[in-house]
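Taking it in order: structure first as structure tokens, then the write-up.
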Amino acid sequence: MPSTPSSSDNAFADDPSFAVSPSSRIDALDAARGVALFGVLAVNVVTAFRVSIFQQFLPNQYADAGTLDGVAERFVYFALDMKSFSLFSILFGLGLAMQFERFSRGGRPFYFLTRRLIALLVFGAMHVLLIWNGDILTEYALAGLMVLPLLRLNQASLAAVAIGLLTLYGVLAVFPALVPSPGPEALAEHIAQANAVYAHGSFTEVLRFSFREIELILPLHASVFPRTVALFVLGAWIWRSGLFQHAQDNAGAFAGLAAIGILMGVTLTPRTGDPFLQRLAPVIFAIGYGSLVVWIAQIEGARRVLAPFAAVGRMAFTNYILHSVVFGFIFFGYGFGLFGRIGAATALLLAAIVYAAQTLFSTIWLSRFRFGPLEWLWRSITYNSRQPMRIDSR
């Protein structure tokens, strides 16, 4: 993996003729995105595809700690839940800053980025309505549109805004939710309905119930939306800081951030009694995870370990949507109907198998094509021009 990057496949110039080839990508960032995507997949499969997403909010929701299912559930909660989403959000914000920098060379960064984010909003709406209501694309598009004006700020101002927004997100934990969630009895009733429809319903019945469920999911998005905006700004500041542009020279700094972030995350995560720490601990954990990946990418002999993750990360959009398609078929009634019928350990194993298959698929695909299928479509919409797809295209 090259340690001195120039772009990512999500960073475009102002005109297609300036498009950066995949060979000049920042592979460490692709690998970090791939690692984050595995965490997102594992969390979604264990907590949202296998059972109702609302089951985690009921008392005594975990299996016995002495069982494999109990171990799997606690692993997902402690090591992945919220941490993976936080890392994914930081990387998205970092990508926005990279794109803004490159588009600025042509003088129209807001035009192209607005097109790009509106396209993502449309993709997200289609994902919600036609595939799965656990979508994050819509939230990312809306948060990205809010963050766009902030990309004009200098490095110091971005840091101040990021710190302020993260502090606000932590403080909001002690106040009543902006959008109240239903009580335990209403949730229990809804979960019973979900168990019946998702496990046995036809494709149309699943979609109808999924659409009605959005009203209950909105409070979940409202609670994390301030964090998403804050982490986008944090990611933009990280890119603006220059750490990644000189990753080899900053290898020691990444090693230190990895150690501090992971140790602090391990220390703070169990302290769920403090709502402020409960909200910020996953962010600290995520910074540790991301720094660890980038540090490993600077070690010559270890880079090959990250190659499968980097391939998935280069096609993160395509692979994310494939998760919904594959696991919808595995768990919902129009497919194998395993919803509510398997434990967390089996679900986690399924996630690992599907992810391994995606590393192979992504590696083979990218040996022939410049972008993943949805990445290519997204890029073409951004430019309003059909982009070259095959590696040998001119």
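Going through the structure tokens in order, the chains are called A, B, and so on, while each chain numbers its residues from 1 and the ligands are numbered from 1 in the order shown.
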I'd like the contact shell of Gly170 in chain A - 9 Å cut-off, only C-alpha atoms, skipping same-chain residues fewer than 2 positions apart - returned as JSON, numbers by chain. {"A": [165, 166, 167, 168, 172, 173, 174, 227, 275, 276, 277, 278, 279, 280]}
I'd like to know which residues of range 202-381 of chain A are helix (DSSP H, G or I) (by DSSP, run on the backbone); could you write them as a count of residues only? 146
Which residues of range 84-191 of chain A sit at most 12 Å from range 370-375 of chain A, using only C-alpha atoms? Give each one's shortest atom pair and distance in Å (one decimal place), in chain and ascending residue order, as JSON lines.
```
{"residue": "A:Arg116", "atom": "CA", "partner": "A:Glu375", "partner_atom": "CA", "distance": 11.0}
{"residue": "A:Ala119", "atom": "CA", "partner": "A:Leu374", "partner_atom": "CA", "distance": 11.3}
{"residue": "A:Leu120", "atom": "CA", "partner": "A:Leu374", "partner_atom": "CA", "distance": 10.6}
{"residue": "A:Phe123", "atom": "CA", "partner": "A:Leu374", "partner_atom": "CA", "distance": 9.7}
```
Store the residues picked out above in a file with N, CA and C atoms, as a compact mmCIF listing (two decimals), in the first residue's frame.
```txt
# COMPACT_ATOMS: atom_id res chain seq x y z
N ARG A 116 -23.69 15.43 -5.57
CA ARG A 116 -23.30 14.12 -5.03
C ARG A 116 -24.16 13.75 -3.83
N ALA A 119 -27.80 13.07 -4.75
CA ALA A 119 -27.90 11.72 -5.33
C ALA A 119 -27.90 10.67 -4.22
N LEU A 120 -27.05 10.87 -3.20
CA LEU A 120 -27.01 9.94 -2.07
C LEU A 120 -28.35 9.94 -1.34
N PHE A 123 -30.65 7.76 -3.32
CA PHE A 123 -30.29 6.36 -3.10
C PHE A 123 -30.79 5.89 -1.74
```
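By only C-alpha atoms, and with residues fewer than 3 positions from range 49-64 of chain A along its chain excluded, the set lying at most 8 Å from it is Asn44, Val45, Val46, Thr67, Asp69, Gly70, Glu73, Arg74, Pro184, Leu187, Ala188, Ile191, Ala194, Asn195, Phe327, Gly328, Phe331, Leu338, Phe339, Gly340, Arg341, Ile342, Gly343, Ala344 and Ala347 of chain A.
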With N, CA and C atoms kept, could you save the residues just selected as an mmCIF file, in the first residue's frame?
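Heads up, here's the output in again-v8.cif:
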```cif
data_model
loop_
_atom_site.group_PDB
_atom_site.id
_atom_site.type_symbol
_atom_site.label_atom_id
_atom_site.label_comp_id
_atom_site.auth_asym_id
_atom_site.auth_seq_id
_atom_site.Cartn_x
_atom_site.Cartn_y
_atom_site.Cartn_z
ATOM 1 N N ASN A 44 -25.554 -4.621 12.558
ATOM 2 C CA ASN A 44 -26.864 -4.676 11.910
ATOM 3 C C ASN A 44 -27.432 -6.087 11.893
ATOM 4 N N VAL A 45 -26.579 -7.067 11.604
ATOM 5 C CA VAL A 45 -27.070 -8.445 11.511
ATOM 6 C C VAL A 45 -27.522 -8.946 12.882
ATOM 7 N N VAL A 46 -26.729 -8.674 13.917
ATOM 8 C CA VAL A 46 -27.046 -9.193 15.251
ATOM 9 C C VAL A 46 -28.215 -8.454 15.886
ATOM 10 N N THR A 67 -23.116 -18.378 27.630
ATOM 11 C CA THR A 67 -23.396 -19.041 26.360
ATOM 12 C C THR A 67 -22.678 -18.339 25.211
ATOM 13 N N ASP A 69 -24.059 -17.323 22.501
ATOM 14 C CA ASP A 69 -24.885 -16.187 22.090
ATOM 15 C C ASP A 69 -24.651 -14.988 23.004
ATOM 16 N N GLY A 70 -24.529 -15.239 24.303
ATOM 17 C CA GLY A 70 -24.263 -14.156 25.242
ATOM 18 C C GLY A 70 -22.916 -13.508 24.982
ATOM 19 N N GLU A 73 -23.222 -11.401 21.735
ATOM 20 C CA GLU A 73 -23.963 -10.151 21.957
ATOM 21 C C GLU A 73 -23.117 -9.128 22.695
ATOM 22 N N ARG A 74 -22.400 -9.571 23.702
ATOM 23 C CA ARG A 74 -21.573 -8.640 24.477
ATOM 24 C C ARG A 74 -20.374 -8.156 23.683
ATOM 25 N N PRO A 184 -42.021 0.948 27.032
ATOM 26 C CA PRO A 184 -41.738 -0.494 26.943
ATOM 27 C C PRO A 184 -42.917 -1.314 26.460
ATOM 28 N N LEU A 187 -43.366 -0.826 22.772
ATOM 29 C CA LEU A 187 -42.273 -1.488 22.067
ATOM 30 C C LEU A 187 -42.474 -2.993 22.032
ATOM 31 N N ALA A 188 -42.871 -3.561 23.163
ATOM 32 C CA ALA A 188 -43.095 -5.006 23.228
ATOM 33 C C ALA A 188 -44.185 -5.436 22.237
ATOM 34 N N ILE A 191 -42.696 -5.251 18.747
ATOM 35 C CA ILE A 191 -41.756 -6.355 18.518
ATOM 36 C C ILE A 191 -42.510 -7.641 18.190
ATOM 37 N N ALA A 194 -43.529 -7.381 14.680
ATOM 38 C CA ALA A 194 -42.358 -7.541 13.816
ATOM 39 C C ALA A 194 -41.969 -9.010 13.695
ATOM 40 N N ASN A 195 -42.037 -9.732 14.797
ATOM 41 C CA ASN A 195 -41.690 -11.151 14.772
ATOM 42 C C ASN A 195 -42.584 -11.931 13.814
ATOM 43 N N PHE A 327 -29.054 -10.097 3.495
ATOM 44 C CA PHE A 327 -29.589 -10.466 4.804
ATOM 45 C C PHE A 327 -31.099 -10.284 4.885
ATOM 46 N N GLY A 328 -31.670 -9.434 4.032
ATOM 47 C CA GLY A 328 -33.116 -9.399 3.931
ATOM 48 C C GLY A 328 -33.648 -10.745 3.457
ATOM 49 N N PHE A 331 -33.137 -13.460 6.359
ATOM 50 C CA PHE A 331 -33.920 -13.367 7.584
ATOM 51 C C PHE A 331 -35.411 -13.157 7.385
ATOM 52 N N LEU A 338 -35.408 -16.584 8.645
ATOM 53 C CA LEU A 338 -34.701 -16.914 9.888
ATOM 54 C C LEU A 338 -34.874 -15.853 10.970
ATOM 55 N N PHE A 339 -35.683 -14.844 10.708
ATOM 56 C CA PHE A 339 -35.890 -13.769 11.687
ATOM 57 C C PHE A 339 -36.392 -14.345 13.013
ATOM 58 N N GLY A 340 -35.662 -14.037 14.092
ATOM 59 C CA GLY A 340 -36.052 -14.489 15.420
ATOM 60 C C GLY A 340 -35.792 -15.956 15.692
ATOM 61 N N ARG A 341 -35.139 -16.657 14.770
ATOM 62 C CA ARG A 341 -34.971 -18.100 14.916
ATOM 63 C C ARG A 341 -33.536 -18.540 15.191
ATOM 64 N N ILE A 342 -32.567 -17.639 15.090
ATOM 65 C CA ILE A 342 -31.177 -18.020 15.357
ATOM 66 C C ILE A 342 -30.585 -17.090 16.398
ATOM 67 N N GLY A 343 -29.547 -17.575 17.068
ATOM 68 C CA GLY A 343 -28.894 -16.790 18.102
ATOM 69 C C GLY A 343 -27.866 -15.828 17.541
ATOM 70 N N ALA A 344 -27.325 -14.994 18.428
ATOM 71 C CA ALA A 344 -26.371 -13.967 18.020
ATOM 72 C C ALA A 344 -25.084 -14.563 17.481
ATOM 73 N N ALA A 347 -25.609 -15.657 13.936
ATOM 74 C CA ALA A 347 -25.758 -14.465 13.099
ATOM 75 C C ALA A 347 -24.402 -13.800 12.851
#
```
Leaving out range 256-264 of chain A and any residue of its chain fewer than 3 positions from it, which residues lie within 9 Å of it when counting only C-alpha atoms, given as a PyMOL selection string? chain A and resi 251-253+267-269+281+283-293+295
Which residues are close to Gly201 in chain A, i.e. within 10 Å by only C-alpha atoms, leaving aside same-chain residues fewer than 6 positions away? Reply as a PDB file with N, CA and C atoms, in the first residue's frame.
```pdb
ATOM      1  N   ALA A 194     -43.529  -7.381  14.680  1.00  0.00           N
ATOM      2  CA  ALA A 194     -42.358  -7.541  13.816  1.00  0.00           C
ATOM      3  C   ALA A 194     -41.969  -9.010  13.695  1.00  0.00           C
ATOM      4  N   ASN A 195     -42.037  -9.732  14.797  1.00  0.00           N
ATOM      5  CA  ASN A 195     -41.690 -11.151  14.772  1.00  0.00           C
ATOM      6  C   ASN A 195     -42.584 -11.931  13.814  1.00  0.00           C
ATOM      7  N   LEU A 207     -42.383  -5.078   3.214  1.00  0.00           N
ATOM      8  CA  LEU A 207     -42.158  -3.676   2.847  1.00  0.00           C
ATOM      9  C   LEU A 207     -43.183  -2.753   3.500  1.00  0.00           C
ATOM     10  N   ARG A 208     -44.432  -3.176   3.531  1.00  0.00           N
ATOM     11  CA  ARG A 208     -45.466  -2.336   4.146  1.00  0.00           C
ATOM     12  C   ARG A 208     -45.197  -2.134   5.626  1.00  0.00           C
ATOM     13  N   PHE A 209     -44.872  -3.230   6.322  1.00  0.00           N
ATOM     14  CA  PHE A 209     -44.590  -3.111   7.747  1.00  0.00           C
ATOM     15  C   PHE A 209     -43.328  -2.287   7.977  1.00  0.00           C
ATOM     16  N   PHE A 332     -35.838 -12.568   6.289  1.00  0.00           N
ATOM     17  CA  PHE A 332     -37.244 -12.214   6.150  1.00  0.00           C
ATOM     18  C   PHE A 332     -38.049 -13.328   5.489  1.00  0.00           C
ATOM     19  N   GLY A 333     -39.366 -13.225   5.634  1.00  0.00           N
ATOM     20  CA  GLY A 333     -40.255 -14.292   5.217  1.00  0.00           C
ATOM     21  C   GLY A 333     -40.229 -14.594   3.739  1.00  0.00           C
ATOM     22  N   TYR A 334     -39.899 -13.626   2.878  1.00  0.00           N
ATOM     23  CA  TYR A 334     -39.863 -13.879   1.443  1.00  0.00           C
ATOM     24  C   TYR A 334     -38.618 -14.673   1.040  1.00  0.00           C
ATOM     25  N   GLY A 335     -37.709 -14.904   2.011  1.00  0.00           N
ATOM     26  CA  GLY A 335     -36.521 -15.717   1.765  1.00  0.00           C
ATOM     27  C   GLY A 335     -36.515 -16.938   2.661  1.00  0.00           C
ATOM     28  N   GLY A 337     -36.512 -16.810   5.978  1.00  0.00           N
ATOM     29  CA  GLY A 337     -37.354 -16.583   7.154  1.00  0.00           C
ATOM     30  C   GLY A 337     -36.692 -16.931   8.475  1.00  0.00           C
TER      31      GLY A 337
END
```
Find the residues around Leu137 in chain A up to 9 Å (only C-alpha atoms counted), leave out those fewer than 6 positions away in its own chain, and share them as a PDB file with N, CA and C atoms, in the first residue's frame.
```pdb
ATOM      1  N   LEU A 120     -27.049  10.874  -3.204  1.00  0.00           N
ATOM      2  CA  LEU A 120     -27.012   9.941  -2.072  1.00  0.00           C
ATOM      3  C   LEU A 120     -28.347   9.939  -1.340  1.00  0.00           C
ATOM      4  N   LEU A 121     -28.961  11.097  -1.229  1.00  0.00           N
ATOM      5  CA  LEU A 121     -30.270  11.193  -0.579  1.00  0.00           C
ATOM      6  C   LEU A 121     -31.311  10.367  -1.341  1.00  0.00           C
ATOM      7  N   VAL A 122     -31.267  10.423  -2.639  1.00  0.00           N
ATOM      8  CA  VAL A 122     -32.199   9.637  -3.453  1.00  0.00           C
ATOM      9  C   VAL A 122     -31.924   8.144  -3.284  1.00  0.00           C
ATOM     10  N   PHE A 123     -30.650   7.763  -3.321  1.00  0.00           N
ATOM     11  CA  PHE A 123     -30.292   6.362  -3.104  1.00  0.00           C
ATOM     12  C   PHE A 123     -30.790   5.890  -1.735  1.00  0.00           C
ATOM     13  N   GLY A 124     -30.610   6.744  -0.728  1.00  0.00           N
ATOM     14  CA  GLY A 124     -31.036   6.389   0.612  1.00  0.00           C
ATOM     15  C   GLY A 124     -32.538   6.195   0.699  1.00  0.00           C
ATOM     16  N   ALA A 125     -33.287   7.086   0.058  1.00  0.00           N
ATOM     17  CA  ALA A 125     -34.754   6.960   0.064  1.00  0.00           C
ATOM     18  C   ALA A 125     -35.195   5.672  -0.609  1.00  0.00           C
ATOM     19  N   HIS A 127     -33.410   2.958  -0.811  1.00  0.00           N
ATOM     20  CA  HIS A 127     -33.007   1.874   0.094  1.00  0.00           C
ATOM     21  C   HIS A 127     -34.047   1.680   1.189  1.00  0.00           C
TER      22      HIS A 127
END
```
Residue among A:Leu348, A:Met389, A:Leu29, A:Leu377 lying closest to Trp365 in chain A, counting only C-alpha atoms: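 Of A:Leu348, A:Met389, A:Leu29, A:Leu377, the one nearest Trp365 in chain A, counting only C-alpha atoms, is A:Met389.
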To one decimal place in Å, what is the distance between CA of Arg240 in chain A and CA of Phe88 in chain A? 17.7 Å
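Between CA of Ser84 in chain A and CA of Ala247 in chain A there is a distance of 21.9 Å.
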Shell of 10 Å around Phe361 in chain A, only C-alpha atoms, local chain residues under 3 positions omitted, as a ChimeraX atom specification: /A:308,311-312,319,355-358,364-366
Could you write those residues out with C-alpha atoms, as a PDB file, in the first residue's frame?
```pdb
ATOM      1  CA  PRO A 308      -9.039  -7.508   1.675  1.00  0.00           C
ATOM      2  CA  ALA A 311     -11.016  -3.854  -1.457  1.00  0.00           C
ATOM      3  CA  VAL A 312     -14.292  -3.867   0.471  1.00  0.00           C
ATOM      4  CA  ASN A 319     -21.220  -3.689  -0.377  1.00  0.00           C
ATOM      5  CA  TYR A 355     -18.060 -10.313   4.534  1.00  0.00           C
ATOM      6  CA  ALA A 356     -15.378 -12.832   3.504  1.00  0.00           C
ATOM      7  CA  ALA A 357     -17.306 -13.462   0.286  1.00  0.00           C
ATOM      8  CA  GLN A 358     -17.440  -9.714  -0.303  1.00  0.00           C
ATOM      9  CA  ILE A 364     -11.960  -9.742  -8.348  1.00  0.00           C
ATOM     10  CA  TRP A 365     -14.248  -6.901  -9.445  1.00  0.00           C
ATOM     11  CA  LEU A 366     -11.615  -4.217  -8.852  1.00  0.00           C
TER      12      LEU A 366
END
```
Find, counting only C-alpha atoms, the residue in A:Ser104, A:Gln248, A:Asn133, A:Thr228 that gets nearest to Phe92 in chain A. A:Thr228
Would you please work out which residue, of A:Ala236, A:Leu41, A:Ala31, A:Ala222, is nearest to Ala156 in chain A when using only C-alpha atoms?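 So, comparing all the options, the nearest one is A:Ala236.
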Of the candidates A:Ala42, A:Ala162, A:Thr114, A:Phe329, which shows the shortest atom-to-atom distance to Asp81 in chain A, using only C-alpha atoms?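 Under the stated criterion, the closest residue is A:Ala42.
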